>>> print(open('run26.pdb').read())   # PDB, C-alpha atoms, pLDDT in the B column
MODEL        1
ATOM      1  CA  ASN D   1      -0.905   3.738  12.552  1.00 53.00           C
ATOM      2  CA  ARG D   2      -0.745   5.514  15.887  1.00 59.00           C
ATOM      3  CA  ASP D   3       1.908   3.131  17.244  1.00 69.00           C
ATOM      4  CA  ARG D   4       4.347   4.151  14.517  1.00 69.00           C
ATOM      5  CA  LYS D   5       7.220   6.419  15.556  1.00 72.00           C
ATOM      6  CA  TYR D   6       9.372   8.529  13.288  1.00 80.00           C
ATOM      7  CA  ALA D   7      12.974   8.942  14.295  1.00 83.00           C
ATOM      8  CA  ASN D   8      16.343  10.080  13.020  1.00 88.00           C
ATOM      9  CA  LEU D   9      19.391   7.991  13.853  1.00 89.00           C
ATOM     10  CA  GLN D  10      22.728   9.668  13.172  1.00 93.00           C
ATOM     11  CA  ILE D  11      25.660   7.229  13.158  1.00 93.00           C
ATOM     12  CA  GLU D  12      29.107   8.792  13.461  1.00 93.00           C
ATOM     13  CA  VAL D  13      31.368   5.725  13.692  1.00 95.00           C
ATOM     14  CA  PRO D  14      31.986   2.642  11.541  1.00 96.00           C
ATOM     15  CA  PHE D  15      29.381  -0.043  12.267  1.00 97.00           C
ATOM     16  CA  GLN D  16      28.454  -3.569  11.247  1.00 98.00           C
ATOM     17  CA  LEU D  17      25.729  -4.424   8.765  1.00 98.00           C
ATOM     18  CA  LYS D  18      24.724  -8.054   9.197  1.00 97.00           C
ATOM     19  CA  THR D  19      23.028  -9.878   6.339  1.00 95.00           C
ATOM     20  CA  LYS D  20      22.253 -13.512   5.552  1.00 93.00           C
ATOM     21  CA  ASN D  21      25.563 -13.548   3.634  1.00 93.00           C
ATOM     22  CA  GLY D  22      27.725 -12.272   6.512  1.00 96.00           C
ATOM     23  CA  SER D  23      28.841  -9.016   8.067  1.00 97.00           C
ATOM     24  CA  LEU D  24      30.111  -5.826   6.418  1.00 96.00           C
ATOM     25  CA  THR D  25      31.740  -2.773   7.962  1.00 97.00           C
ATOM     26  CA  ILE D  26      30.016   0.452   6.966  1.00 97.00           C
ATOM     27  CA  ASP D  27      31.922   3.688   7.507  1.00 97.00           C
ATOM     28  CA  PRO D  28      29.709   6.807   7.454  1.00 95.00           C
ATOM     29  CA  ASN D  29      32.752   8.813   6.313  1.00 94.00           C
ATOM     30  CA  ASP D  30      33.493   6.512   3.354  1.00 96.00           C
ATOM     31  CA  LEU D  31      30.889   7.009   0.642  1.00 95.00           C
ATOM     32  CA  THR D  32      31.944   3.811  -1.131  1.00 96.00           C
ATOM     33  CA  THR D  33      30.544   1.709   1.748  1.00 95.00           C
ATOM     34  CA  LEU D  34      27.127   3.398   1.906  1.00 94.00           C
ATOM     35  CA  PRO D  35      25.478   1.647  -1.102  1.00 95.00           C
ATOM     36  CA  GLN D  36      25.483  -1.540   1.004  1.00 94.00           C
ATOM     37  CA  LEU D  37      22.652   0.091   3.006  1.00 95.00           C
ATOM     38  CA  ILE D  38      20.282   0.357   0.023  1.00 95.00           C
ATOM     39  CA  PRO D  39      18.470  -2.917   0.885  1.00 94.00           C
ATOM     40  CA  LEU D  40      17.301  -1.209   4.101  1.00 94.00           C
ATOM     41  CA  LEU D  41      15.247   1.364   2.176  1.00 93.00           C
ATOM     42  CA  HIS D  42      11.518   0.868   2.752  1.00 91.00           C
ATOM     43  CA  THR D  43      12.060  -1.791   5.422  1.00 91.00           C
ATOM     44  CA  THR D  44      10.512  -1.754   8.870  1.00 89.00           C
ATOM     45  CA  LEU D  45      12.453  -1.709  12.098  1.00 88.00           C
ATOM     46  CA  VAL D  46      11.132  -4.681  14.065  1.00 91.00           C
ATOM     47  CA  ASP D  47      13.416  -4.688  17.105  1.00 91.00           C
ATOM     48  CA  ILE D  48      15.867  -2.420  18.857  1.00 89.00           C
ATOM     49  CA  ASN D  49      18.232  -3.382  21.648  1.00 92.00           C
ATOM     50  CA  LEU D  50      20.358  -1.005  23.696  1.00 90.00           C
ATOM     51  CA  THR D  51      22.815  -2.449  26.193  1.00 91.00           C
ATOM     52  CA  GLU D  52      24.057  -0.739  29.346  1.00 90.00           C
ATOM     53  CA  SER D  53      27.373  -0.153  27.555  1.00 87.00           C
ATOM     54  CA  HIS D  54      25.478   1.791  24.809  1.00 85.00           C
ATOM     55  CA  GLU D  55      25.841  -0.871  22.115  1.00 91.00           C
ATOM     56  CA  LEU D  56      22.868  -0.482  19.797  1.00 93.00           C
ATOM     57  CA  THR D  57      21.406  -3.237  17.605  1.00 95.00           C
ATOM     58  CA  LEU D  58      18.646  -2.556  15.084  1.00 94.00           C
ATOM     59  CA  SER D  59      16.796  -5.467  13.448  1.00 96.00           C
ATOM     60  CA  PHE D  60      14.756  -5.038  10.271  1.00 95.00           C
ATOM     61  CA  ASP D  61      11.979  -7.033   8.635  1.00 95.00           C
ATOM     62  CA  ASN D  62      14.315  -8.213   5.841  1.00 96.00           C
ATOM     63  CA  ASP D  63      16.492 -10.063   8.407  1.00 95.00           C
ATOM     64  CA  MET D  64      19.272  -7.458   8.258  1.00 97.00           C
ATOM     65  CA  GLN D  65      20.781  -5.942  11.391  1.00 98.00           C
ATOM     66  CA  ILE D  66      22.878  -2.894  12.214  1.00 97.00           C
ATOM     67  CA  GLU D  67      25.217  -3.120  15.206  1.00 97.00           C
ATOM     68  CA  ILE D  68      26.845   0.036  16.547  1.00 96.00           C
ATOM     69  CA  LYS D  69      29.444  -0.086  19.290  1.00 94.00           C
ATOM     70  CA  PRO D  70      30.210   2.950  21.469  1.00 89.00           C
ATOM     71  CA  ALA D  71      33.145   5.176  20.561  1.00 88.00           C
ATOM     72  CA  LYS D  72      35.998   5.848  22.968  1.00 84.00           C
ATOM     73  CA  LYS D  73      36.540   9.549  22.250  1.00 84.00           C
ATOM     74  CA  TYR D  74      33.219  10.920  20.994  1.00 84.00           C
ATOM     75  CA  GLU D  75      29.558  10.151  20.351  1.00 89.00           C
ATOM     76  CA  ALA D  76      29.001   6.992  18.327  1.00 92.00           C
ATOM     77  CA  TRP D  77      25.355   7.718  17.559  1.00 90.00           C
ATOM     78  CA  ASN D  78      22.377   9.821  18.568  1.00 89.00           C
ATOM     79  CA  LEU D  79      18.660   9.289  18.201  1.00 86.00           C
ATOM     80  CA  THR D  80      15.945  11.914  18.006  1.00 88.00           C
ATOM     81  CA  GLY D  81      12.314  11.696  17.020  1.00 84.00           C
ATOM     82  CA  ASP D  82       8.751  12.769  17.494  1.00 81.00           C
ATOM     83  CA  GLY D  83       7.633  11.559  20.908  1.00 73.00           C
ATOM     84  CA  LEU D  84      11.023  10.006  21.675  1.00 74.00           C
ATOM     85  CA  PRO D  85      13.647  11.149  24.159  1.00 74.00           C
ATOM     86  CA  HIS D  86      16.894  12.450  22.633  1.00 74.00           C
ATOM     87  CA  VAL D  87      19.457   9.678  23.236  1.00 78.00           C
ATOM     88  CA  ILE D  88      23.214  10.143  22.745  1.00 77.00           C
ATOM     89  CA  ALA D  89      25.703   7.289  23.050  1.00 77.00           C
ATOM     90  CA  SER D  90      29.295   8.068  23.860  1.00 66.00           C
TER      91      SER D  90
ENDMDL
END
>>> encode(input="run26.pdb", output="structure tokens")
Amino acid sequence: NRDRKYANLQIEVPFQLKTKNGSLTIDPNDLTTLPQLIPLLHTTLVDINLTESHELTLSFDNDMQIEIKPAKKYEAWNLTGDGLPHVIAS
């Protein structure tokens, strides 16, 4: 599919994973929270929203969402990819 883009999103702050059962805090520095992301494997990103304040929301085809708020002291996330501009949120 020529409309498909491949990207790498690096998240460096705790963020919210929203599911049909509620919301969980995922901390990239706490390995015990990362298994909660397994249901996102092999899903498709269907929507992305970036606000002017650099809050990023990703919506997937299994009705899960990731919400990342900007960090006060450093970069909260960065996005790179083939054919995409390099975006850094601080």
>>> resolve_selection(input="run26.pdb", expression="the PyMOL selection byres ((chain D and resi 65) around 6)", output="PyMOL selection string")
chain D and resi 17-18+58-59+64+66
>>> residues_near_point(input="run26.pdb", point="(27.8, 6.3, 9.7)", cutoff="6 Å", atoms="all atoms listed in the file", output="VMD selection string")
chain D and resid 11 to 14 27 to 28
>>> write_last_selection(input="run26.pdb", atoms="C-alpha atoms", output="PDB file, in the frame of the given file")
ATOM      1  CA  ILE D  11      25.660   7.229  13.158  1.00 93.00           C
ATOM      2  CA  GLU D  12      29.107   8.792  13.461  1.00 93.00           C
ATOM      3  CA  VAL D  13      31.368   5.725  13.692  1.00 95.00           C
ATOM      4  CA  PRO D  14      31.986   2.642  11.541  1.00 96.00           C
ATOM      5  CA  ASP D  27      31.922   3.688   7.507  1.00 97.00           C
ATOM      6  CA  PRO D  28      29.709   6.807   7.454  1.00 95.00           C
TER       7      PRO D  28
END
>>> atom_distance(input="run26.pdb", atom1="CA of Thr43 in chain D", atom2="CA of Thr80 in chain D")
19.0 Å
>>> residues_around(input="run26.pdb", residues="Leu79 in chain D", least_positions_apart="4", cutoff="12 Å", atoms="only C-alpha atoms", output="PyMOL selection string")
chain D and resi 6-12+50+56+75+83-89
>>> atom_distance(input="run26.pdb", atom1="CA of His54 in chain D", atom2="CA of Leu40 in chain D")
22.5 Å
>>> atom_distance(input="run26.pdb", atom1="CA of Glu67 in chain D", atom2="CA of Gln16 in chain D")
5.1 Å
>>> closest_residue(input="run26.pdb", among="D:Phe60, D:Ala71, D:Gly81, D:Ile26", to="Ile48 in chain D", atoms="all atoms listed in the file")
D:Phe60
>>> resolve_selection(input="run26.pdb", expression="the PyMOL selection byres ((chain D and resi 61) around 6)", output="ChimeraX atom specification")
/D:44,46,60,62-63
>>> write_last_selection(input="run26.pdb", atoms="C-alpha atoms", output="mmCIF file, in the frame of the given file")
data_model
loop_
_atom_site.group_PDB
_atom_site.id
_atom_site.type_symbol
_atom_site.label_atom_id
_atom_site.label_comp_id
_atom_site.auth_asym_id
_atom_site.auth_seq_id
_atom_site.Cartn_x
_atom_site.Cartn_y
_atom_site.Cartn_z
ATOM 1 C CA THR D 44 10.512 -1.754 8.870
ATOM 2 C CA VAL D 46 11.132 -4.681 14.065
ATOM 3 C CA PHE D 60 14.756 -5.038 10.271
ATOM 4 C CA ASN D 62 14.315 -8.213 5.841
ATOM 5 C CA ASP D 63 16.492 -10.063 8.407
#
>>> axis_aligned_box(input="run26.pdb", around="range 59-75 of chain D", padding_each_side="6 Å", output="lines of an AutoDock Vina configuration file")
center_x = 24.3
center_y = 0.4
center_z = 14.4
size_x = 36.6
size_y = 33.0
size_z = 29.1
>>> closest_residue(input="run26.pdb", among="D:Ile68, D:Leu31, D:Leu37, D:Ala76", to="Thr19 in chain D", atoms="only C-alpha atoms")
D:Leu37
